[in-house]
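Engineer: Below is the file final.json, which contains JSON, C-alpha atoms.
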```json
[["chain", "number", "residue", "atom", "x", "y", "z"],
["A", 37, "MET", "CA", 16.24, -8.50, -32.49],
["A", 38, "TYR", "CA", 14.65, -8.57, -29.04],
["A", 39, "LYS", "CA", 15.13, -4.82, -28.52],
["A", 40, "ASN", "CA", 12.26, -4.14, -30.93],
["A", 41, "PHE", "CA", 9.94, -5.89, -28.46],
["A", 42, "LEU", "CA", 11.05, -3.86, -25.43],
["A", 43, "PRO", "CA", 8.70, -0.97, -24.57],
["A", 44, "ASP", "CA", 10.15, 2.36, -23.47],
["A", 45, "GLU", "CA", 7.68, 2.50, -20.58],
["A", 46, "TYR", "CA", 5.28, 0.19, -18.79],
["A", 47, "VAL", "CA", 2.21, 1.39, -16.87],
["A", 48, "LYS", "CA", -0.76, -0.33, -15.30],
["A", 49, "ASP", "CA", -3.29, 1.52, -17.48],
["A", 50, "VAL", "CA", -3.75, 4.71, -19.49],
["A", 51, "TYR", "CA", -4.98, 6.53, -16.40],
["A", 52, "GLN", "CA", -1.37, 6.50, -15.16],
["A", 53, "LEU", "CA", -0.55, 8.83, -18.07],
["A", 54, "SER", "CA", -1.41, 12.48, -17.48],
["A", 55, "ALA", "CA", -1.55, 15.15, -20.13],
["A", 56, "GLU", "CA", 0.80, 17.32, -18.08],
["A", 57, "ALA", "CA", 3.49, 14.62, -17.86],
["A", 58, "LEU", "CA", 3.26, 13.85, -21.58],
["A", 59, "LEU", "CA", 3.41, 17.52, -22.55],
["A", 60, "ALA", "CA", 6.42, 18.00, -20.24],
["A", 61, "LYS", "CA", 8.21, 15.31, -22.29],
["A", 62, "GLY", "CA", 7.46, 17.18, -25.53],
["A", 63, "VAL", "CA", 4.65, 14.86, -26.58],
["A", 64, "LYS", "CA", 2.05, 16.42, -28.87],
["A", 65, "GLY", "CA", 0.22, 13.30, -30.01],
["A", 66, "ILE", "CA", -0.92, 9.88, -28.87],
["A", 67, "ILE", "CA", -1.50, 6.87, -31.06],
["A", 68, "THR", "CA", -3.36, 4.29, -29.03],
["A", 69, "ASP", "CA", -4.58, 0.79, -29.60],
["A", 70, "LEU", "CA", -8.26, 0.12, -28.85],
["A", 71, "ASP", "CA", -8.99, -3.44, -27.76],
["A", 72, "ASN", "CA", -7.69, -4.34, -24.29],
["A", 73, "THR", "CA", -5.80, -1.04, -24.17],
["A", 74, "LEU", "CA", -8.72, 1.37, -23.73],
["A", 75, "VAL", "CA", -11.59, -1.07, -23.18],
["A", 76, "ALA", "CA", -12.12, -4.83, -23.13],
["A", 77, "TRP", "CA", -11.87, -6.32, -26.62],
["A", 78, "ASP", "CA", -15.54, -7.31, -26.57],
["A", 79, "ARG", "CA", -16.92, -4.00, -25.18],
["A", 80, "PRO", "CA", -18.55, -2.05, -28.02],
["A", 81, "ASP", "CA", -18.32, 1.47, -26.62],
["A", 82, "ALA", "CA", -16.18, 3.77, -24.51],
["A", 83, "THR", "CA", -16.60, 3.75, -20.76],
["A", 84, "PRO", "CA", -17.27, 7.17, -19.21],
["A", 85, "GLU", "CA", -13.76, 6.99, -17.69],
["A", 86, "ILE", "CA", -12.08, 6.39, -21.05],
["A", 87, "ALA", "CA", -14.14, 9.10, -22.73],
["A", 88, "SER", "CA", -13.06, 11.46, -19.93],
["A", 89, "TRP", "CA", -9.37, 10.48, -20.25],
["A", 90, "ILE", "CA", -9.45, 11.06, -24.01],
["A", 91, "LYS", "CA", -11.18, 14.43, -23.52],
["A", 92, "GLU", "CA", -8.55, 15.40, -20.91],
["A", 93, "MET", "CA", -5.79, 14.63, -23.42],
["A", 94, "GLN", "CA", -7.51, 16.57, -26.20],
["A", 95, "ASP", "CA", -8.37, 19.53, -23.95],
["A", 96, "ALA", "CA", -4.67, 19.76, -23.06],
["A", 97, "GLY", "CA", -3.87, 20.08, -26.76],
["A", 98, "LEU", "CA", -2.74, 16.51, -27.44],
["A", 99, "LYS", "CA", -3.89, 14.91, -30.67],
["A", 100, "VAL", "CA", -5.22, 11.38, -30.13],
["A", 101, "THR", "CA", -5.72, 8.74, -32.83],
["A", 102, "ILE", "CA", -6.88, 5.16, -32.40],
["A", 103, "LEU", "CA", -4.89, 2.65, -34.44],
["A", 104, "SER", "CA", -6.53, -0.76, -34.45],
["A", 105, "ASN", "CA", -6.09, -4.01, -36.30],
["A", 106, "ASN", "CA", -9.81, -4.62, -35.89],
["A", 107, "ASN", "CA", -12.42, -4.10, -38.61],
["A", 108, "GLU", "CA", -14.07, -0.83, -39.61],
["A", 109, "LEU", "CA", -17.42, -1.56, -37.95],
["A", 110, "ARG", "CA", -15.81, -2.32, -34.58],
["A", 111, "VAL", "CA", -13.51, 0.70, -34.57],
["A", 112, "LYS", "CA", -15.99, 3.16, -36.10],
["A", 113, "SER", "CA", -18.76, 2.21, -33.66],
["A", 114, "PHE", "CA", -16.39, 2.91, -30.75],
["A", 115, "CYS", "CA", -14.84, 6.12, -32.14],
["A", 116, "ASP", "CA", -17.74, 7.94, -33.79],
["A", 117, "PRO", "CA", -19.79, 8.57, -30.60],
["A", 118, "ILE", "CA", -16.79, 10.21, -28.91],
["A", 119, "GLY", "CA", -15.52, 11.97, -32.02],
["A", 120, "MET", "CA", -12.21, 10.12, -32.21],
["A", 121, "PRO", "CA", -10.09, 9.91, -35.36],
["A", 122, "PHE", "CA", -9.14, 6.33, -36.15],
["A", 123, "ILE", "CA", -7.44, 3.93, -38.50],
["A", 124, "PHE", "CA", -8.88, 0.43, -38.75],
["A", 125, "ALA", "CA", -7.39, -2.76, -40.25],
["A", 126, "ALA", "CA", -4.01, -1.22, -39.41],
["A", 127, "ARG", "CA", -2.01, -4.44, -39.85],
["A", 128, "LYS", "CA", 0.28, -3.58, -36.93],
["A", 129, "PRO", "CA", 3.21, -4.12, -36.60],
["A", 130, "LEU", "CA", 3.64, -2.99, -40.22],
["A", 131, "LYS", "CA", 4.85, 0.62, -40.49],
["A", 132, "LYS", "CA", 2.34, 1.91, -43.05],
["A", 133, "SER", "CA", -0.50, 2.64, -40.61],
["A", 134, "PHE", "CA", 1.83, 4.38, -38.13],
["A", 135, "LYS", "CA", 3.00, 6.66, -40.94],
["A", 136, "LEU", "CA", -0.62, 7.36, -41.89],
["A", 137, "ALA", "CA", -1.47, 8.27, -38.28],
["A", 138, "LEU", "CA", 1.43, 10.72, -38.09],
["A", 139, "THR", "CA", 0.43, 12.25, -41.41],
["A", 140, "GLN", "CA", -3.17, 12.68, -40.24],
["A", 141, "MET", "CA", -2.00, 14.29, -36.99],
["A", 142, "ASN", "CA", 0.60, 16.39, -38.82],
["A", 143, "LEU", "CA", 3.24, 15.47, -36.24],
["A", 144, "LYS", "CA", 6.77, 14.08, -36.21],
["A", 145, "LYS", "CA", 7.85, 10.74, -34.74],
["A", 146, "ASP", "CA", 9.59, 12.35, -31.76],
["A", 147, "GLU", "CA", 6.35, 14.18, -30.84],
["A", 148, "VAL", "CA", 4.18, 11.04, -30.60],
["A", 149, "VAL", "CA", 3.83, 8.09, -28.23],
["A", 150, "MET", "CA", 2.32, 4.69, -29.04],
["A", 151, "ILE", "CA", 0.21, 3.14, -26.27],
["A", 152, "GLY", "CA", -0.88, -0.48, -26.44],
["A", 153, "ASP", "CA", -1.33, -3.74, -24.59],
["A", 154, "GLN", "CA", 0.47, -6.07, -27.00],
["A", 155, "VAL", "CA", 4.20, -6.49, -27.45],
["A", 156, "MET", "CA", 3.77, -8.30, -30.79],
["A", 157, "THR", "CA", 1.75, -5.56, -32.47],
["A", 158, "ASP", "CA", 1.75, -2.23, -30.60],
["A", 159, "VAL", "CA", 5.26, -2.19, -29.13],
["A", 160, "LEU", "CA", 6.96, -3.91, -32.05],
["A", 161, "GLY", "CA", 5.22, -1.67, -34.59],
["A", 162, "GLY", "CA", 5.84, 1.51, -32.61],
["A", 163, "ASN", "CA", 9.50, 0.67, -32.00],
["A", 164, "ARG", "CA", 10.14, -0.29, -35.62],
["A", 165, "PHE", "CA", 8.62, 3.02, -36.70],
["A", 166, "GLY", "CA", 10.70, 4.98, -34.17],
["A", 167, "LEU", "CA", 8.02, 6.01, -31.68],
["A", 168, "HIS", "CA", 8.23, 6.12, -27.89],
["A", 169, "THR", "CA", 6.27, 3.03, -26.83],
["A", 170, "ILE", "CA", 4.19, 2.57, -23.69],
["A", 171, "LEU", "CA", 2.93, -0.90, -22.78],
["A", 172, "VAL", "CA", -0.18, -1.19, -20.59],
["A", 173, "VAL", "CA", -1.62, -4.17, -18.76],
["A", 174, "PRO", "CA", -4.50, -5.59, -20.84],
["A", 175, "VAL", "CA", -7.88, -4.29, -19.64],
["A", 176, "ALA", "CA", -9.51, -7.75, -19.86],
["A", 177, "LYS", "CA", -8.16, -11.15, -18.93],
["A", 178, "SER", "CA", -9.65, -12.69, -22.07],
["A", 179, "ASP", "CA", -8.54, -12.15, -25.67],
["A", 180, "GLY", "CA", -9.66, -12.82, -29.20],
["A", 181, "LYS", "CA", -8.32, -15.93, -30.95],
["A", 182, "MET", "CA", -5.31, -14.36, -32.71],
["A", 183, "THR", "CA", -4.32, -12.35, -29.65],
["A", 184, "LYS", "CA", -4.16, -15.54, -27.57],
["A", 185, "ILE", "CA", -1.38, -16.78, -29.86],
["A", 186, "ASN", "CA", 0.46, -13.47, -29.59],
["A", 187, "ARG", "CA", 0.21, -13.59, -25.79],
["A", 188, "MET", "CA", 1.97, -16.97, -25.68],
["A", 189, "ILE", "CA", 4.88, -15.53, -27.66],
["A", 190, "GLU", "CA", 4.86, -12.35, -25.56],
["A", 191, "ARG", "CA", 5.21, -14.32, -22.33],
["A", 192, "ARG", "CA", 8.37, -15.96, -23.66],
["A", 193, "ILE", "CA", 9.84, -12.63, -24.75],
["A", 194, "MET", "CA", 9.01, -10.97, -21.43],
["A", 195, "LYS", "CA", 10.56, -13.88, -19.54],
["A", 196, "LYS", "CA", 13.80, -13.37, -21.51],
["A", 197, "PHE", "CA", 13.74, -9.63, -20.73],
["A", 198, "LYS", "CA", 13.29, -10.38, -17.05],
["A", 199, "GLN", "CA", 16.14, -12.92, -17.04],
["A", 200, "LYS", "CA", 18.43, -10.36, -18.70],
["A", 201, "GLY", "CA", 17.42, -7.66, -16.22],
["A", 202, "LEU", "CA", 15.87, -5.51, -18.95],
["A", 203, "ILE", "CA", 12.52, -5.22, -17.16],
["A", 204, "SER", "CA", 11.73, -5.01, -13.49],
["A", 205, "TRP", "CA", 7.94, -4.89, -13.39],
["A", 206, "GLU", "CA", 5.66, -7.74, -12.46],
["A", 207, "GLU", "CA", 3.06, -9.08, -14.86]]
```
Go through the file and emit its structure as structure tokens.
Structural biologist:
Amino acid sequence: MYKNFLPDEYVKDVYQLSAEALLAKGVKGIITDLDNTLVAWDRPDATPEIASWIKEMQDAGLKVTILSNNNELRVKSFCDPIGMPFIFAARKPLKKSFKLALTQMNLKKDEVVMIGDQVMTDVLGGNRFGLHTILVVPVAKSDGKMTKINRMIERRIMKKFKQKGLISWEE
């Protein structure tokens, strides 16, 4: 059961992921969470750095889609100014939205990575769907109400992984 919560990779932030390295692994597409993965959950728009990182990925030929559990207004207002495809109200970790993202990108599971900051939604959903999952440190120290509950559960899961020697990084 716990293996579904274990990410394939762990990085400090998305800037640790280069287009060249992803392409070298055969990656053609990125599904990424929005809140606390790309920007703080309460920041309405993309930072210049995030917009640049997304453009770098796209310029290298990678397809990028934002998959968020947040509402349409939140996700659309972030994505539209930078021309990003998105899926809102995704209900991660359910598989349906991951399947929709792959269909929209016209890619196969083994060609796509899932990047997110939450074990309970991003990693669990990506793993259950069969994607390569990459966990990032949350951009902000604060979270929305529901995410705070998820974080408490995540800490317990991560502690178990550490005790079993399944992870070696520090939080």
Engineer: Choose the residue, out of A:Gly152, A:Gly97, A:Gly162, A:Gly119, that has the smallest atom-to-atom separation from Asn72 in chain A; count only C-alpha atoms.
Structural biologist: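 Selected residue with least distance to Asn72 in chain A: A:Gly152.
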Engineer: Go ahead and fit an axis-aligned box to every listed atom of range 94-101 of chain A plus 5 Å each side, and pass me the centre and edge lengths in Å, one decimal, as lines of an AutoDock Vina configuration file.
Structural biologist:
```
center_x = -5.6
center_y = 14.4
center_z = -27.9
size_x = 15.6
size_y = 21.3
size_z = 19.8
```
Engineer: Skipping near chain neighbours, those fewer than 4 positions away, what residues fall within 6 Å of range 44-57 of chain A using all atoms listed in the file, listed as a PyMOL selection string?
Structural biologist: chain A and resi 93+169-173
Engineer: Which residue gives the smallest distance to Asp71 in chain A among A:Arg191, A:Lys132, A:His168, A:Arg110, with only C-alpha atoms counted?
Structural biologist: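 Of all the options, A:Arg110 lies closest to Asp71 in chain A.
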Engineer: To one decimal in Å, tell me the separation between CA of Thr68 in chain A and CA of Val100 in chain A.
Structural biologist: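 Straight-line distance from CA of Thr68 in chain A to CA of Val100 in chain A works out to 7.4 Å.
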Engineer: Using all atoms listed in the file, which residue out of A:Arg79, A:Lys64, A:Lys145, A:Lys112 lies closest to Gln94 in chain A?
Structural biologist: A:Lys64
Engineer: Can you measure CA of Trp77 in chain A to CA of Pro174 in chain A for me? One decimal in Å is fine.
Structural biologist: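 Answer for the CA of Trp77 in chain A to CA of Pro174 in chain A separation: 9.4 Å.
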Engineer: How far is it from CA of Arg164 in chain A to CA of Ala125 in chain A, in Å with one decimal?
Structural biologist: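 Between CA of Arg164 in chain A and CA of Ala125 in chain A the gap works out to 18.3 Å.
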Engineer: So that I can see what lies close to Val155 in chain A, please list as a list in words the residues with an atom at most 8 Å from it, counting only C-alpha atoms and leaving out residues fewer than 3 positions away in the same chain.
Structural biologist: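 Listed by chain and then number, they are Phe41, Leu42, Pro43, Gly152, Asp158, Val159, Leu160, Leu171 and Glu190 of chain A.
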Engineer: Please list, as a PyMOL selection string, the residues that have an atom at most 9 Å away from (1.9, -8.4, -35.0) in the coordinates of this file, counting only C-alpha atoms.
Structural biologist: chain A and resi 127-130+154-158+160-161+186
Engineer: Please produce a file of those selected residues containing C-alpha atoms, as a PDB file, keeping the file's coordinate frame.
Structural biologist:
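See part05.pdb below for the written result:
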```pdb
ATOM      1  CA  ARG A 127      -2.010  -4.440 -39.850  1.00  0.00           C
ATOM      2  CA  LYS A 128       0.280  -3.580 -36.930  1.00  0.00           C
ATOM      3  CA  PRO A 129       3.210  -4.120 -36.600  1.00  0.00           C
ATOM      4  CA  LEU A 130       3.640  -2.990 -40.220  1.00  0.00           C
ATOM      5  CA  GLN A 154       0.470  -6.070 -27.000  1.00  0.00           C
ATOM      6  CA  VAL A 155       4.200  -6.490 -27.450  1.00  0.00           C
ATOM      7  CA  MET A 156       3.770  -8.300 -30.790  1.00  0.00           C
ATOM      8  CA  THR A 157       1.750  -5.560 -32.470  1.00  0.00           C
ATOM      9  CA  ASP A 158       1.750  -2.230 -30.600  1.00  0.00           C
ATOM     10  CA  LEU A 160       6.960  -3.910 -32.050  1.00  0.00           C
ATOM     11  CA  GLY A 161       5.220  -1.670 -34.590  1.00  0.00           C
ATOM     12  CA  ASN A 186       0.460 -13.470 -29.590  1.00  0.00           C
TER      13      ASN A 186
END
```
Engineer: Given the choices A:Met141, A:Val75, A:Cys115, A:Val148, which gets closest to Val63 in chain A if the distance is worked out from only C-alpha atoms?
Structural biologist: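 Nearest to Val63 in chain A: A:Val148.
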Engineer: Could you check which of A:Val111, A:Ile90, A:Val175, A:Ile102 is closest to Leu138 in chain A, using all atoms listed in the file?
Structural biologist: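 Nearest candidate to Leu138 in chain A out of A:Val111, A:Ile90, A:Val175, A:Ile102: A:Ile102.
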Engineer: Quick one: residues within 12 Å of Lys200 in chain A, all atoms listed in the file, excluding same-chain residues fewer than 6 positions away - as a ChimeraX atom specification?
Structural biologist: /A:38-39,42,193-194
Engineer: Suppose we keep C-alpha atoms; can you now write the selection as a short mmCIF file (atom, residue, chain, number, x, y, z; two decimals), keeping the file's coordinate frame?
Structural biologist:
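Printed below is result-v4.cif as written:
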```cif
data_model
loop_
_atom_site.label_atom_id
_atom_site.label_comp_id
_atom_site.auth_asym_id
_atom_site.auth_seq_id
_atom_site.Cartn_x
_atom_site.Cartn_y
_atom_site.Cartn_z
CA TYR A 38 14.65 -8.57 -29.04
CA LYS A 39 15.13 -4.82 -28.52
CA LEU A 42 11.05 -3.86 -25.43
CA ILE A 193 9.84 -12.63 -24.75
CA MET A 194 9.01 -10.97 -21.43
#
```
Engineer: Would you please work out which residue, of A:Leu109, A:Ile67, A:Lys61, A:Lys195, is nearest to Asp81 in chain A when using only C-alpha atoms?
Structural biologist: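 Answer, going by the shortest atom-to-atom distance: A:Leu109.
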